[in-house]
Every structure is written in structure tokens, then in C-alpha cells.
file model.csv (CSV, C-alpha atoms)
chain,number,residue,atom,x,y,z
A,8,MET,CA,-23.9,-1.1,-6.5
A,9,ALA,CA,-24.4,-3.6,-3.7
A,10,SER,CA,-20.8,-4.4,-3.5
A,11,ILE,CA,-20.0,-0.7,-3.3
A,12,GLU,CA,-22.3,-0.4,-0.3
A,13,ILE,CA,-20.7,-3.5,1.3
A,14,TYR,CA,-17.3,-1.9,0.7
A,15,HIS,CA,-18.4,1.4,2.2
A,16,ASN,CA,-19.8,-0.2,5.3
A,17,ASN,CA,-16.7,-2.3,6.0
A,18,LYS,CA,-14.1,0.0,4.5
A,19,ARG,CA,-11.7,0.0,7.5
A,20,PHE,CA,-11.8,-3.8,7.8
A,21,ILE,CA,-11.4,-4.5,4.1
A,22,ASN,CA,-8.6,-2.0,3.7
A,23,ALA,CA,-6.7,-3.4,6.7
A,24,LEU,CA,-7.1,-7.0,5.4
A,25,THR,CA,-5.9,-6.0,1.9
A,26,LEU,CA,-2.9,-4.2,3.4
A,27,LEU,CA,-2.0,-7.1,5.6
A,28,THR,CA,-2.3,-9.6,2.8
A,29,PHE,CA,-0.1,-7.4,0.6
A,30,LEU,CA,2.5,-7.0,3.4
A,31,ALA,CA,2.5,-10.7,4.1
A,32,ALA,CA,3.0,-11.5,0.4
A,33,CYS,CA,5.8,-8.9,0.2
A,34,ILE,CA,7.6,-10.3,3.3
A,35,ILE,CA,7.4,-13.9,2.1
A,36,ILE,CA,8.6,-12.9,-1.4
A,37,PHE,CA,11.4,-10.8,0.1
A,38,LEU,CA,12.6,-13.6,2.4
A,39,PHE,CA,12.5,-16.5,0.0
A,40,ASP,CA,13.9,-16.5,-3.5
A,41,PRO,CA,11.5,-18.4,-5.8
A,42,VAL,CA,14.5,-19.7,-7.7
A,43,THR,CA,15.6,-21.7,-4.7
A,44,ALA,CA,12.5,-22.1,-2.4
A,45,ALA,CA,10.4,-25.0,-3.4
A,46,PHE,CA,7.1,-24.0,-2.0
A,47,TYR,CA,6.1,-21.4,-4.6
A,48,PRO,CA,3.4,-22.8,-6.9
A,49,PRO,CA,4.4,-23.2,-10.6
A,50,CYS,CA,2.5,-21.4,-13.3
A,51,VAL,CA,-0.3,-23.7,-14.5
A,52,PHE,CA,-0.2,-22.3,-18.1
A,53,LYS,CA,3.5,-23.0,-18.2
A,54,LYS,CA,3.1,-26.5,-16.9
A,55,LEU,CA,0.4,-27.3,-19.4
A,56,THR,CA,1.6,-25.7,-22.5
A,57,GLY,CA,5.3,-25.1,-22.0
A,58,PHE,CA,4.9,-21.5,-23.0
A,59,ASN,CA,5.4,-18.4,-20.8
A,60,CYS,CA,2.2,-16.6,-19.6
A,61,PRO,CA,2.4,-12.8,-19.2
A,62,GLY,CA,2.8,-13.2,-15.5
A,63,CYS,CA,5.6,-15.9,-15.6
A,64,GLY,CA,8.7,-14.8,-13.7
A,65,SER,CA,6.7,-12.2,-11.7
A,66,SER,CA,7.4,-13.6,-8.3
A,67,ARG,CA,11.1,-13.9,-9.1
A,68,ALA,CA,11.0,-10.4,-10.4
A,69,ILE,CA,9.3,-9.0,-7.3
A,70,HIS,CA,11.8,-10.9,-5.2
A,71,GLN,CA,14.6,-9.1,-7.0
A,72,LEU,CA,12.7,-5.8,-6.8
A,73,THR,CA,12.4,-6.1,-3.0
A,74,HIS,CA,16.2,-6.5,-2.9
A,75,GLY,CA,16.7,-3.4,-5.1
A,76,ASN,CA,17.9,-5.3,-8.2
A,77,ILE,CA,15.8,-3.6,-10.9
A,78,LEU,CA,17.8,-5.0,-13.9
A,79,GLN,CA,17.7,-8.5,-12.5
A,80,ALA,CA,13.9,-8.1,-12.0
A,81,MET,CA,13.5,-6.9,-15.6
A,82,ASP,CA,15.3,-10.0,-16.7
A,83,TYR,CA,12.6,-12.2,-15.3
A,84,ASN,CA,9.5,-10.1,-16.2
A,85,MET,CA,9.9,-6.7,-17.8
A,86,LEU,CA,6.2,-6.1,-17.9
A,87,VAL,CA,5.5,-6.7,-14.3
A,88,VAL,CA,8.3,-4.3,-13.3
A,89,ILE,CA,6.9,-1.6,-15.5
A,90,PHE,CA,3.2,-2.2,-14.6
A,91,LEU,CA,3.7,-2.7,-10.8
A,92,PRO,CA,3.6,1.1,-10.2
A,93,VAL,CA,0.5,1.4,-12.3
A,94,ILE,CA,-1.2,-1.4,-10.2
A,95,ILE,CA,-0.1,0.3,-7.0
A,96,ILE,CA,-1.5,3.7,-8.1
A,97,GLY,CA,-4.8,2.1,-9.2
A,98,LEU,CA,-5.2,0.2,-5.9
A,99,PHE,CA,-4.3,3.3,-4.0
A,100,SER,CA,-6.9,5.3,-5.9
A,101,PHE,CA,-9.5,2.6,-5.3
A,102,PHE,CA,-8.9,2.2,-1.6
A,103,THR,CA,-8.3,5.8,-0.6
A,104,GLY,CA,-10.2,7.8,-3.2
A,105,ARG,CA,-7.0,9.9,-3.6
A,106,ALA,CA,-4.7,10.1,-6.6
A,107,THR,CA,-7.8,9.5,-8.7
A,108,GLN,CA,-6.5,11.9,-11.4
A,109,ALA,CA,-3.2,10.1,-11.8
A,110,TRP,CA,-5.2,6.8,-12.1
A,111,GLN,CA,-7.6,8.4,-14.6
A,112,ALA,CA,-4.7,9.3,-16.8
A,113,LEU,CA,-3.5,5.7,-16.7
A,114,ASN,CA,-6.9,4.1,-17.1
A,115,LYS,CA,-6.5,3.1,-20.8
A,116,PRO,CA,-7.8,-0.5,-21.0
A,117,LYS,CA,-7.1,-0.9,-24.8
A,118,PHE,CA,-3.5,0.1,-24.2
A,119,PHE,CA,-3.1,-2.6,-21.5
A,120,LEU,CA,-4.9,-5.2,-23.5
A,121,VAL,CA,-2.6,-4.7,-26.5
A,122,VAL,CA,0.6,-4.4,-24.6
A,123,ILE,CA,-0.1,-7.5,-22.5
A,124,THR,CA,-1.2,-9.6,-25.4
A,125,VAL,CA,1.8,-8.6,-27.5
A,126,PHE,CA,4.1,-9.2,-24.6
A,127,TRP,CA,2.5,-12.7,-24.2
A,128,LEU,CA,3.1,-13.6,-27.8
A,129,VAL,CA,6.5,-12.0,-28.3
A,130,ARG,CA,8.1,-13.4,-25.2
A,131,ASN,CA,7.5,-16.9,-26.5
A,132,LEU,CA,9.1,-16.3,-29.9
A,133,PRO,CA,12.4,-18.3,-30.2
A,134,LEU,CA,14.1,-15.3,-31.9
A,135,GLU,CA,17.1,-13.7,-30.3
A,136,PRO,CA,16.0,-10.1,-29.6
A,137,PHE,CA,12.8,-11.3,-28.0
A,138,ARG,CA,14.3,-14.0,-25.8
A,139,ILE,CA,15.2,-11.3,-23.3
A,140,LEU,CA,11.5,-11.0,-22.5
A,141,ASN,CA,11.3,-14.7,-21.7
A,142,ALA,CA,11.3,-15.7,-18.0
A,143,ASP,CA,13.6,-18.6,-18.5
A,144,HIS,CA,16.5,-17.4,-20.5
B,7,MET,CA,-52.0,16.6,-9.1
B,8,ALA,CA,-49.6,14.3,-7.2
B,9,SER,CA,-50.2,10.6,-7.2
B,10,SER,CA,-47.3,9.6,-5.0
B,11,GLN,CA,-46.6,9.6,-1.3
B,12,GLY,CA,-43.5,10.5,0.6
B,13,THR,CA,-41.5,13.7,1.0
B,14,ILE,CA,-38.7,15.4,-0.9
B,15,PHE,CA,-36.2,17.7,0.7
B,16,ILE,CA,-34.2,20.3,-1.3
B,17,ASN,CA,-30.7,20.8,0.1
B,18,TYR,CA,-29.0,23.9,-1.2
B,19,ARG,CA,-26.5,26.6,-0.2
B,20,LYS,CA,-28.2,30.0,0.1
B,21,ASP,CA,-25.3,32.0,-1.4
B,22,ASP,CA,-24.9,29.4,-4.2
B,23,SER,CA,-28.3,28.4,-5.4
B,24,ASN,CA,-31.0,30.4,-3.7
B,25,TRP,CA,-32.8,31.1,-7.0
B,26,ASN,CA,-32.1,27.7,-8.4
B,27,ALA,CA,-33.7,26.1,-5.4
B,28,LEU,CA,-36.7,28.4,-5.6
B,29,ALA,CA,-37.2,27.7,-9.3
B,30,LEU,CA,-37.0,24.0,-8.8
B,31,TYR,CA,-39.3,24.1,-5.8
B,32,ASN,CA,-41.9,25.9,-7.8
B,33,ASP,CA,-41.7,23.8,-10.9
B,34,LEU,CA,-41.7,20.5,-8.9
B,35,GLN,CA,-45.2,21.5,-7.6
B,36,LYS,CA,-46.5,20.5,-11.0
B,37,TYR,CA,-45.7,16.9,-10.0
B,38,PHE,CA,-45.9,16.8,-6.2
B,39,THR,CA,-48.1,18.5,-3.7
B,40,LYS,CA,-46.8,21.4,-1.7
B,41,ASP,CA,-46.7,19.4,1.5
B,42,GLN,CA,-44.5,16.8,-0.1
B,43,LEU,CA,-41.8,19.4,-0.8
B,44,PHE,CA,-39.5,20.9,1.8
B,45,LYS,CA,-37.0,23.6,1.0
B,46,ASP,CA,-36.0,25.3,4.3
B,47,PHE,CA,-35.9,22.7,6.9
B,48,ASN,CA,-32.7,24.2,8.2
B,49,ALA,CA,-34.6,27.0,9.8
B,50,ILE,CA,-33.7,26.1,13.3
B,51,ARG,CA,-35.0,27.9,16.4
B,52,PRO,CA,-32.5,29.2,18.9
B,53,GLY,CA,-31.7,26.5,21.5
B,54,ASP,CA,-32.5,23.6,19.2
B,55,ASP,CA,-30.0,20.9,19.0
B,56,PHE,CA,-29.3,21.1,15.2
B,57,MET,CA,-28.2,17.5,14.9
B,58,MET,CA,-31.5,16.4,16.4
B,59,SER,CA,-33.4,18.8,14.1
B,60,ILE,CA,-31.7,17.4,11.0
B,61,GLU,CA,-32.3,13.8,12.2
B,62,ASN,CA,-36.0,14.5,12.8
B,63,ALA,CA,-36.5,16.3,9.5
B,64,LEU,CA,-34.8,13.5,7.6
B,65,ALA,CA,-36.7,10.8,9.4
B,66,LYS,CA,-39.7,11.8,7.4
B,67,CYS,CA,-37.8,12.3,4.1
B,68,ASN,CA,-37.7,9.9,1.2
B,69,VAL,CA,-35.6,11.8,-1.3
B,70,LEU,CA,-32.9,14.4,-0.7
B,71,LEU,CA,-32.1,16.6,-3.7
B,72,VAL,CA,-28.7,18.1,-3.4
B,73,ILE,CA,-28.5,21.3,-5.5
B,74,ILE,CA,-25.0,22.0,-6.7
B,75,GLY,CA,-24.3,25.3,-8.4
B,76,LYS,CA,-21.1,27.1,-9.5
B,77,ASN,CA,-20.3,28.2,-6.0
B,78,TRP,CA,-21.3,25.1,-4.1
B,79,LEU,CA,-17.7,23.7,-3.6
B,80,ASN,CA,-15.9,27.0,-3.2
B,81,ALA,CA,-18.2,28.8,-0.7
B,82,LYS,CA,-16.0,30.1,2.0
B,83,ASN,CA,-16.4,31.2,5.6
B,84,ALA,CA,-15.3,34.7,6.7
B,85,ASP,CA,-11.8,33.3,7.6
B,86,GLY,CA,-11.4,31.9,4.1
B,87,THR,CA,-11.8,28.1,4.9
B,88,LEU,CA,-14.0,26.0,2.6
B,89,ARG,CA,-17.4,25.5,4.1
B,90,ILE,CA,-17.8,22.0,2.7
B,91,GLN,CA,-14.7,20.9,4.6
B,92,GLU,CA,-16.2,22.2,8.0
B,93,PRO,CA,-17.7,19.3,10.0
B,94,ASP,CA,-20.6,21.6,11.1
B,95,ASP,CA,-21.4,22.9,7.6
B,96,PHE,CA,-25.2,22.5,7.3
B,97,VAL,CA,-25.2,21.4,3.7
B,98,ARG,CA,-22.6,18.7,4.5
B,99,LEU,CA,-24.4,17.6,7.7
B,100,GLU,CA,-27.7,17.2,5.9
B,101,ILE,CA,-26.2,15.2,3.1
B,102,SER,CA,-24.1,13.0,5.3
B,103,THR,CA,-27.0,12.3,7.6
B,104,ALA,CA,-29.2,11.4,4.6
B,105,LEU,CA,-26.5,9.1,3.2
B,106,ASP,CA,-26.2,7.4,6.6
B,107,ARG,CA,-29.9,7.0,6.9
B,108,GLY,CA,-30.2,5.4,3.5
B,109,VAL,CA,-32.3,8.2,2.1
B,110,GLN,CA,-32.2,8.4,-1.7
B,111,VAL,CA,-29.8,11.2,-2.5
B,112,ILE,CA,-29.9,12.8,-6.0
B,113,PRO,CA,-27.3,15.4,-6.9
B,114,VAL,CA,-28.9,18.1,-9.1
B,115,LEU,CA,-26.3,20.1,-11.1
B,116,PHE,CA,-27.2,23.6,-12.1
B,117,ASP,CA,-25.4,26.0,-14.4
B,118,GLY,CA,-23.3,23.3,-16.1
B,119,THR,CA,-21.4,22.7,-12.8
B,120,PRO,CA,-19.5,19.3,-13.0
B,121,MET,CA,-20.1,16.6,-10.4
B,122,PRO,CA,-17.6,17.1,-7.6
B,123,THR,CA,-14.9,14.4,-7.4
B,124,SER,CA,-14.2,12.5,-4.2
B,125,GLU,CA,-10.9,14.4,-4.0
B,126,GLN,CA,-12.9,17.6,-3.5
B,127,LEU,CA,-15.2,16.3,-0.9
B,128,PRO,CA,-14.8,15.3,2.8
B,129,GLU,CA,-14.7,11.6,3.3
B,130,ASN,CA,-18.3,11.2,4.7
B,131,LEU,CA,-19.6,12.7,1.4
B,132,TRP,CA,-17.7,10.3,-0.9
B,133,PRO,CA,-20.8,8.1,-1.5
B,134,LEU,CA,-22.3,11.2,-3.1
B,135,CYS,CA,-19.9,10.8,-6.1
B,136,ARG,CA,-21.4,7.4,-6.8
B,137,ARG,CA,-25.0,8.7,-6.9
B,138,GLN,CA,-26.6,9.1,-10.3
B,139,PHE,CA,-26.9,12.9,-10.9
B,140,VAL,CA,-29.3,15.0,-12.9
B,141,GLU,CA,-28.4,18.1,-14.8
B,142,ILE,CA,-30.7,21.1,-15.1
B,143,ASP,CA,-30.2,23.4,-18.0
B,144,PRO,CA,-32.1,26.7,-18.0
B,145,LYS,CA,-32.8,26.2,-21.7
B,146,ARG,CA,-34.6,23.0,-21.1
B,147,PHE,CA,-35.7,23.8,-17.6
B,148,GLU,CA,-39.2,22.3,-17.8
B,149,ASP,CA,-38.1,19.1,-19.5
B,150,ASP,CA,-35.2,18.6,-17.1
B,151,VAL,CA,-37.5,19.1,-14.1
B,152,ARG,CA,-40.1,16.7,-15.6
B,153,ASN,CA,-37.4,14.0,-16.0
B,154,LEU,CA,-36.2,14.6,-12.4
B,155,ALA,CA,-39.7,14.3,-11.2
B,156,GLU,CA,-40.1,11.0,-13.0
B,157,ALA,CA,-36.9,9.8,-11.4
B,158,ILE,CA,-38.1,10.8,-8.0
B,159,LYS,CA,-41.4,9.1,-8.5
B,160,GLN,CA,-39.7,5.8,-9.1
B,161,VAL,CA,-38.1,6.1,-5.6
B,162,LEU,CA,-41.1,7.3,-3.7
B,163,PRO,CA,-43.3,4.7,-2.1
B,164,LYS,CA,-46.1,3.6,-4.4
B,165,PRO,CA,-49.5,5.1,-3.7
B,166,GLY,CA,-52.2,3.0,-2.2
B,167,PRO,CA,-55.4,2.4,-4.2
B,168,GLY,CA,-56.2,6.1,-3.9
B,169,PRO,CA,-58.7,8.0,-5.9
B,170,ILE,CA,-56.2,10.1,-7.8
B,171,PRO,CA,-55.5,9.0,-11.4
B,172,PRO,CA,-51.9,9.1,-12.6
B,173,PRO,CA,-50.7,12.4,-14.1
B,174,ASP,CA,-50.2,13.0,-17.8
B,175,PRO,CA,-46.4,13.3,-18.4
B,176,PRO,CA,-45.4,10.5,-20.9
B,177,PRO,CA,-43.5,7.5,-19.5
B,178,LYS,CA,-39.8,7.7,-19.9
B,179,PRO,CA,-37.8,5.0,-21.6
B,180,PRO,CA,-35.0,3.4,-19.6
B,181,TYR,CA,-31.4,4.4,-19.9
B,182,GLY,CA,-29.5,2.9,-22.8
B,183,ARG,CA,-32.1,3.7,-25.4
B,184,ASP,CA,-30.4,5.7,-28.2
B,185,ASP,CA,-33.5,7.4,-29.4
B,186,ASP,CA,-33.9,9.4,-26.2
B,187,ILE,CA,-30.4,10.6,-25.6
B,188,HIS,CA,-31.3,14.2,-25.1
B,189,ASN,CA,-34.0,13.7,-22.6
B,190,ASN,CA,-32.2,11.4,-20.2
B,191,PRO,CA,-29.8,12.8,-17.7
B,192,ALA,CA,-26.4,11.1,-17.8
B,193,PRO,CA,-25.5,8.8,-14.9
B,194,LEU,CA,-22.0,8.7,-13.6
B,195,ARG,CA,-19.6,6.7,-15.7
B,196,PRO,CA,-19.2,3.3,-14.1
B,197,ASP,CA,-15.7,2.3,-12.9
B,198,ASN,CA,-14.2,-0.1,-15.5
B,199,ASN,CA,-12.3,-2.0,-12.7
B,200,LEU,CA,-9.2,-2.0,-14.9
B,201,VAL,CA,-6.8,-2.2,-11.9
B,202,TRP,CA,-8.3,-5.5,-10.8
B,203,ALA,CA,-8.2,-6.8,-14.4
B,204,ILE,CA,-4.5,-6.0,-14.7
B,205,ALA,CA,-3.7,-7.4,-11.3
B,206,SER,CA,-5.6,-10.5,-12.1
B,207,THR,CA,-3.9,-11.0,-15.4
B,208,LEU,CA,-0.3,-10.4,-14.3
B,209,LEU,CA,-0.4,-11.8,-10.8
B,210,CYS,CA,-3.1,-14.5,-10.7
B,211,CYS,CA,-4.6,-16.0,-13.8
B,212,PRO,CA,-3.9,-14.6,-17.3
B,213,PRO,CA,-6.7,-16.2,-19.2
B,214,LEU,CA,-9.5,-15.0,-16.9
B,215,GLY,CA,-7.7,-11.6,-16.4
B,216,ILE,CA,-7.6,-11.0,-20.2
B,217,VAL,CA,-11.3,-11.6,-20.4
B,218,SER,CA,-11.8,-9.0,-17.7
B,219,ILE,CA,-9.6,-6.4,-19.6
B,220,ILE,CA,-11.6,-7.0,-22.8
B,221,HIS,CA,-14.8,-6.2,-20.9
B,222,ALA,CA,-13.1,-3.1,-19.4
B,223,THR,CA,-12.2,-1.8,-22.8
B,224,LYS,CA,-15.9,-1.6,-23.8
B,225,VAL,CA,-17.0,0.4,-20.8
B,226,ASN,CA,-15.8,3.9,-21.8
B,227,ASN,CA,-16.8,3.5,-25.4
B,228,LEU,CA,-20.3,2.4,-24.5
B,229,TYR,CA,-20.6,5.3,-22.0
B,230,ALA,CA,-19.3,7.8,-24.6
B,231,SER,CA,-22.1,6.6,-27.0
B,232,ARG,CA,-24.6,7.0,-24.1
B,233,LYS,CA,-25.4,3.3,-23.8
B,234,TYR,CA,-25.4,3.6,-20.1
B,235,ASN,CA,-27.0,0.3,-19.3
B,236,GLU,CA,-24.6,-1.7,-21.4
B,237,ALA,CA,-21.6,0.3,-20.0
B,238,GLN,CA,-22.8,-0.7,-16.6
B,239,GLU,CA,-23.2,-4.3,-17.6
B,240,GLU,CA,-19.6,-4.4,-19.1
B,241,ALA,CA,-18.2,-2.8,-16.0
B,242,LYS,CA,-19.9,-5.5,-13.9
B,243,LYS,CA,-18.5,-8.3,-16.1
B,244,ALA,CA,-15.0,-6.8,-16.0
B,245,LYS,CA,-15.2,-6.9,-12.2
B,246,GLN,CA,-16.7,-10.4,-12.2
B,247,TRP,CA,-13.9,-11.9,-14.4
B,248,ALA,CA,-11.2,-10.1,-12.5
B,249,VAL,CA,-12.6,-11.5,-9.2
B,250,TYR,CA,-12.8,-15.0,-10.8
B,251,GLY,CA,-9.2,-14.7,-11.7
B,252,LEU,CA,-8.1,-13.4,-8.3
B,253,VAL,CA,-10.2,-16.1,-6.5
B,254,ALA,CA,-8.9,-18.8,-8.8
B,255,GLY,CA,-5.4,-17.7,-8.1
B,256,ILE,CA,-5.9,-17.6,-4.3
B,257,ILE,CA,-7.6,-21.0,-4.2
B,258,PHE,CA,-4.8,-22.4,-6.3
B,259,TYR,CA,-2.2,-21.0,-3.9
B,260,ILE,CA,-4.1,-22.4,-0.9
B,261,ILE,CA,-4.5,-25.9,-2.4
B,262,TYR,CA,-0.9,-25.9,-3.5
B,263,GLY,CA,0.2,-24.8,0.0
B,264,VAL,CA,-1.8,-27.7,1.5
B,265,LEU,CA,-0.4,-30.2,-0.9
B,266,TYR,CA,3.1,-28.8,-0.4
B,267,SER,CA,2.9,-29.2,3.4
B,268,LEU,CA,1.7,-32.7,2.9
B,269,GLY,CA,4.8,-33.4,0.8
B,270,THR,CA,2.9,-34.3,-2.4
B,271,VAL,CA,4.3,-31.4,-4.5
B,272,GLY,CA,7.3,-29.1,-4.5
B,273,GLN,CA,10.2,-31.1,-5.8
B,274,TYR,CA,11.4,-29.2,-8.8

call {"tool": "encode", "arguments": {"input": "model.csv", "output": "C-alpha cells"}}
result
Amino acid sequence: MASIEIYHNNKRFINALTLLTFLAACIIIFLFDPVTAAFYPPCVFKKLTGFNCPGCGSSRAIHQLTHGNILQAMDYNMLVVIFLPVIIIGLFSFFTGRATQAWQALNKPKFFLVVITVFWLVRNLPLEPFRILNADH
Amino acid sequence: MASSQGTIFINYRKDDSNWNALALYNDLQKYFTKDQLFKDFNAIRPGDDFMMSIENALAKCNVLLVIIGKNWLNAKNADGTLRIQEPDDFVRLEISTALDRGVQVIPVLFDGTPMPTSEQLPENLWPLCRRQFVEIDPKRFEDDVRNLAEAIKQVLPKPGPGPIPPPDPPPKPPYGRDDDIHNNPAPLRPDNNLVWAIASTLLCCPPLGIVSIIHATKVNNLYASRKYNEAQEEAKKAKQWAVYGLVAGIIFYIIYGVLYSLGTVGQY
């Protein structure tokens, strides 16, 4: 409850800060392709285990999305491309209190748990039809 | 036989809940003295600054009961505009002033009216949606009012070492006890914070984010089986783990950025 009060008292500031961070991240990711730019941090999970995490390829995918290449983006990380609108609706609903009904319809934690876990496992299988989900094919 | 101090205001719309307010006002007198209860403080004399009157009245108030009946949201002015959307609607002014002043606000739902959503309310009433509400059913009127009175007493300032002994209604078990599901009014369902869990999983730190989603899955089920305290706990944990994931991700980005600019990493 306390954090809700803090949020209500500083709503303008927090919303502005979030929007700015979001825009800055979008601009950086639009300008620099993670495939060629060296300053993007690597995925720790990938570095340690050699396997893809469910978020692997997301910065490359979002870079392609900001350039309008949806198929190329899906090649890097299909799940992020599909879930990005969900995240945007959820954040929009959280910050503005609008579109809450759309978000309520999407608010199915078990569905997301299952889909993300299955995606995590399946994209690491060395079998042909699943390799399309891998970030590094 | 009141044993508590402090005052309670009843906020209501005349053409929505005139009788509801009167019935509640009368029944609450079993638990509070008449001079603790105020129902018509919006009786304002001509020439009064009504903002000042509301401020003055609420300055002495500890609890504001917002009575919401079937016609509360849809009450219209003569020209067809919704009253609740008017900045000078009295009901709205009283609630928003109380919220601003930190007065404890309890929505009291009559006639099976659902709690209004934030989409239906003007922005300065949004905090109302997050308040724990109480439902009054005519069939269990006296029980419901007794529970409401118990909830109010927990908010009112404790009495001094006065001569009056505590009244007789039995103490109420806290929320989350399954054996008392019919006597406890339901609190609002806590937000399961799923959006932060997903964002954390996909964009920052999958292991911590997944933990957050797992906690989020439990919230709605616990709420549905009326384990309100546990639902609240799980919602809190879901948020905590999502924040851990987001913070871990951001800290990692910052450290990496510093190392990169020092030239220690980034050759791949």
C-alpha cells in the first residue's frame, strides 16, 4: 500500500521518468544494431550456460522492429515480438488507469508462465523445427 | 454505548441512497454515539464558501463512509451530464478532499452495486478504487453493519482510560480465515503485478522474473478462495521479485556500461 501512496503522490514525475527511459532505450536501440555495436551487454545466462534464455535476441529483435522488419525481428525472438504489445498495454493500464479492461483480459499469469517456460526449453532443442526459435540460427 | 472517540461522516447522493444513508445512520448508533455520526454536513448556508465548509467539516472527521448505490455513478444533471464528472459535484468534492487530507475512506456498497472502476471515475477519485470496500446486503443488514462498525473502530483513535467498558459484539477474526468467509466483507483483489513480472522476465532477468510470475499465478486463485491475506502476500512477492529482476538488470547495464567505457569489456 505504501508504494501505491508514493506512486500517487509523485505520479507525474514517475510517469515522466519512465517515459523518458523508455524513449531513450528506444532511440539507442533504433540507432545501433546490437549485431554490430559492441556496447550492448551480453546475456549472462547465455554466457554462463551456453543456452538461450527466453529474452535472448530481444534487443536485436526490437532493433529490427523499430526499423519495421517484423519477420527479421521474429527470427531473433518470436516471443518478445508477440508479447511486446501485451507489455505495452499492461504498462499503459498501470500508468494511466485506462485500457484496464483490455489488460484484465490479458492478465492470465498461468498462460504466460507456461508459454515462457515452454519457449525457454524448446528454443534450446537441437531439432530442426525448433531451431527457428533460437536467437542464433 | 460507544467506547471510541473520533467522528464518522456519511457521504451519499440524496437521489441515490437517501434511505440507505438513513438506515445506516440509525443502525450505526448502536455502536457509536449520535454526536460521532454526521450525515448531512453538506447543508451549507447561503454565502458560505462551500470548499471552506467541506474543509472545516472534514478537519474534524476520522472516517468517511462513501455510500454507493445503484444510481451513484449514473446520476445526471438536468442537461444530461454525469454528476460524478463535474468538478463541483458535492459528493466528488467531499471524497477527493477526504482522500487528500488522508482521512480513512471506506466505500460502502448497497444493493449489490459493484465497486466503480477507475475508468468510470474522474482522476482525483482513483485512489477510491484501491480502498477496501464493504458490502451491505439488506438480508444481512445488521451483521453487515456490525462488521462495518468493527472495521471503523480499528481506524478511530483509541479511547483514553475512560470509564466506559468495551461493547459486547464478538471480536472479528482477521481476513484470510476460511471459517468466517460469510461475515467478512471482501477487500479489493490485489494487483498481481503480472506486467512487471513479464517485463522483468523477457527484458531483464529471466530467473528472477519467472519467480515473480509464479507468485503472480497464485494471487487470483487465493483471492477466489477468499484467502485475502495470502493473496495480498503473493501479490507483494510478485512485485518484489519483478523489482529485483528489473533492478538487477539495470545495475548490470550500468556496470557493463562503466566497464565498456573503461575498455575492459566489449570485444566480441

call {"tool": "atom_distance", "arguments": {"input": "model.csv", "atom1": "atom CA of B:Asn24", "atom2": "atom CA of B:Asp46"}}
result
10.7 Å

call {"tool": "residues_around", "arguments": {"input": "model.csv", "residues": "stretch 149-164 of chain B", "least_positions_apart": "4", "cutoff": "6 Å", "atoms": "all atoms listed in the file", "output": "MDAnalysis selection string"}}
result
chainID B and resid 11:12 142

call {"tool": "atom_distance", "arguments": {"input": "model.csv", "atom1": "atom CA of A:Phe52", "atom2": "atom CA of A:Phe29"}}
result
23.9 Å

call {"tool": "residues_around", "arguments": {"input": "model.csv", "residues": "A:Ala68", "least_positions_apart": "6", "cutoff": "12 Å", "atoms": "all atoms listed in the file", "output": "PyMOL selection string"}}
result
(chain A and resi 33+36-37+40-42+62+74-89+91+142-143) or (chain B and resi 208-209)

call {"tool": "closest_residue", "arguments": {"input": "model.csv", "among": "B:Ala29, B:Ile257, B:Leu194, B:Leu70", "to": "B:Asp143", "atoms": "only C-alpha atoms"}}
result
B:Ala29

call {"tool": "interface_residues", "arguments": {"input": "model.csv", "of": "chain A", "to": "chain B", "cutoff": "7 Å", "atoms": "all atoms listed in the file", "output": "PDB file with C-alpha atoms, keeping the file's coordinate frame"}}
result
ATOM      1  CA  ALA A  45      10.400 -25.000  -3.400  1.00  0.00           C
ATOM      2  CA  PHE A  46       7.100 -24.000  -2.000  1.00  0.00           C
ATOM      3  CA  PRO A  48       3.400 -22.800  -6.900  1.00  0.00           C
ATOM      4  CA  CYS A  60       2.200 -16.600 -19.600  1.00  0.00           C
ATOM      5  CA  PRO A  61       2.400 -12.800 -19.200  1.00  0.00           C
ATOM      6  CA  GLY A  62       2.800 -13.200 -15.500  1.00  0.00           C
ATOM      7  CA  VAL A  87       5.500  -6.700 -14.300  1.00  0.00           C
ATOM      8  CA  ILE A  94      -1.200  -1.400 -10.200  1.00  0.00           C
ATOM      9  CA  GLY A  97      -4.800   2.100  -9.200  1.00  0.00           C
ATOM     10  CA  LEU A  98      -5.200   0.200  -5.900  1.00  0.00           C
ATOM     11  CA  GLY A 104     -10.200   7.800  -3.200  1.00  0.00           C
ATOM     12  CA  ARG A 105      -7.000   9.900  -3.600  1.00  0.00           C
ATOM     13  CA  ASN A 114      -6.900   4.100 -17.100  1.00  0.00           C
ATOM     14  CA  PRO A 116      -7.800  -0.500 -21.000  1.00  0.00           C
ATOM     15  CA  LYS A 117      -7.100  -0.900 -24.800  1.00  0.00           C
ATOM     16  CA  LEU A 120      -4.900  -5.200 -23.500  1.00  0.00           C
TER      17      LEU A 120
END

call {"tool": "closest_residue", "arguments": {"input": "model.csv", "among": "B:Val97, B:Ile14, B:Ile112, B:Leu43", "to": "B:Asn68", "atoms": "all atoms listed in the file"}}
result
B:Ile14

call {"tool": "closest_residue", "arguments": {"input": "model.csv", "among": "A:Ile95, A:Ala23, A:Leu140, A:Ala109", "to": "A:Leu128", "atoms": "all atoms listed in the file"}}
result
A:Leu140

call {"tool": "closest_residue", "arguments": {"input": "model.csv", "among": "B:Asp85, B:Glu61, B:Asp117, B:Glu92", "to": "B:Asp22", "atoms": "all atoms listed in the file"}}
result
B:Asp117
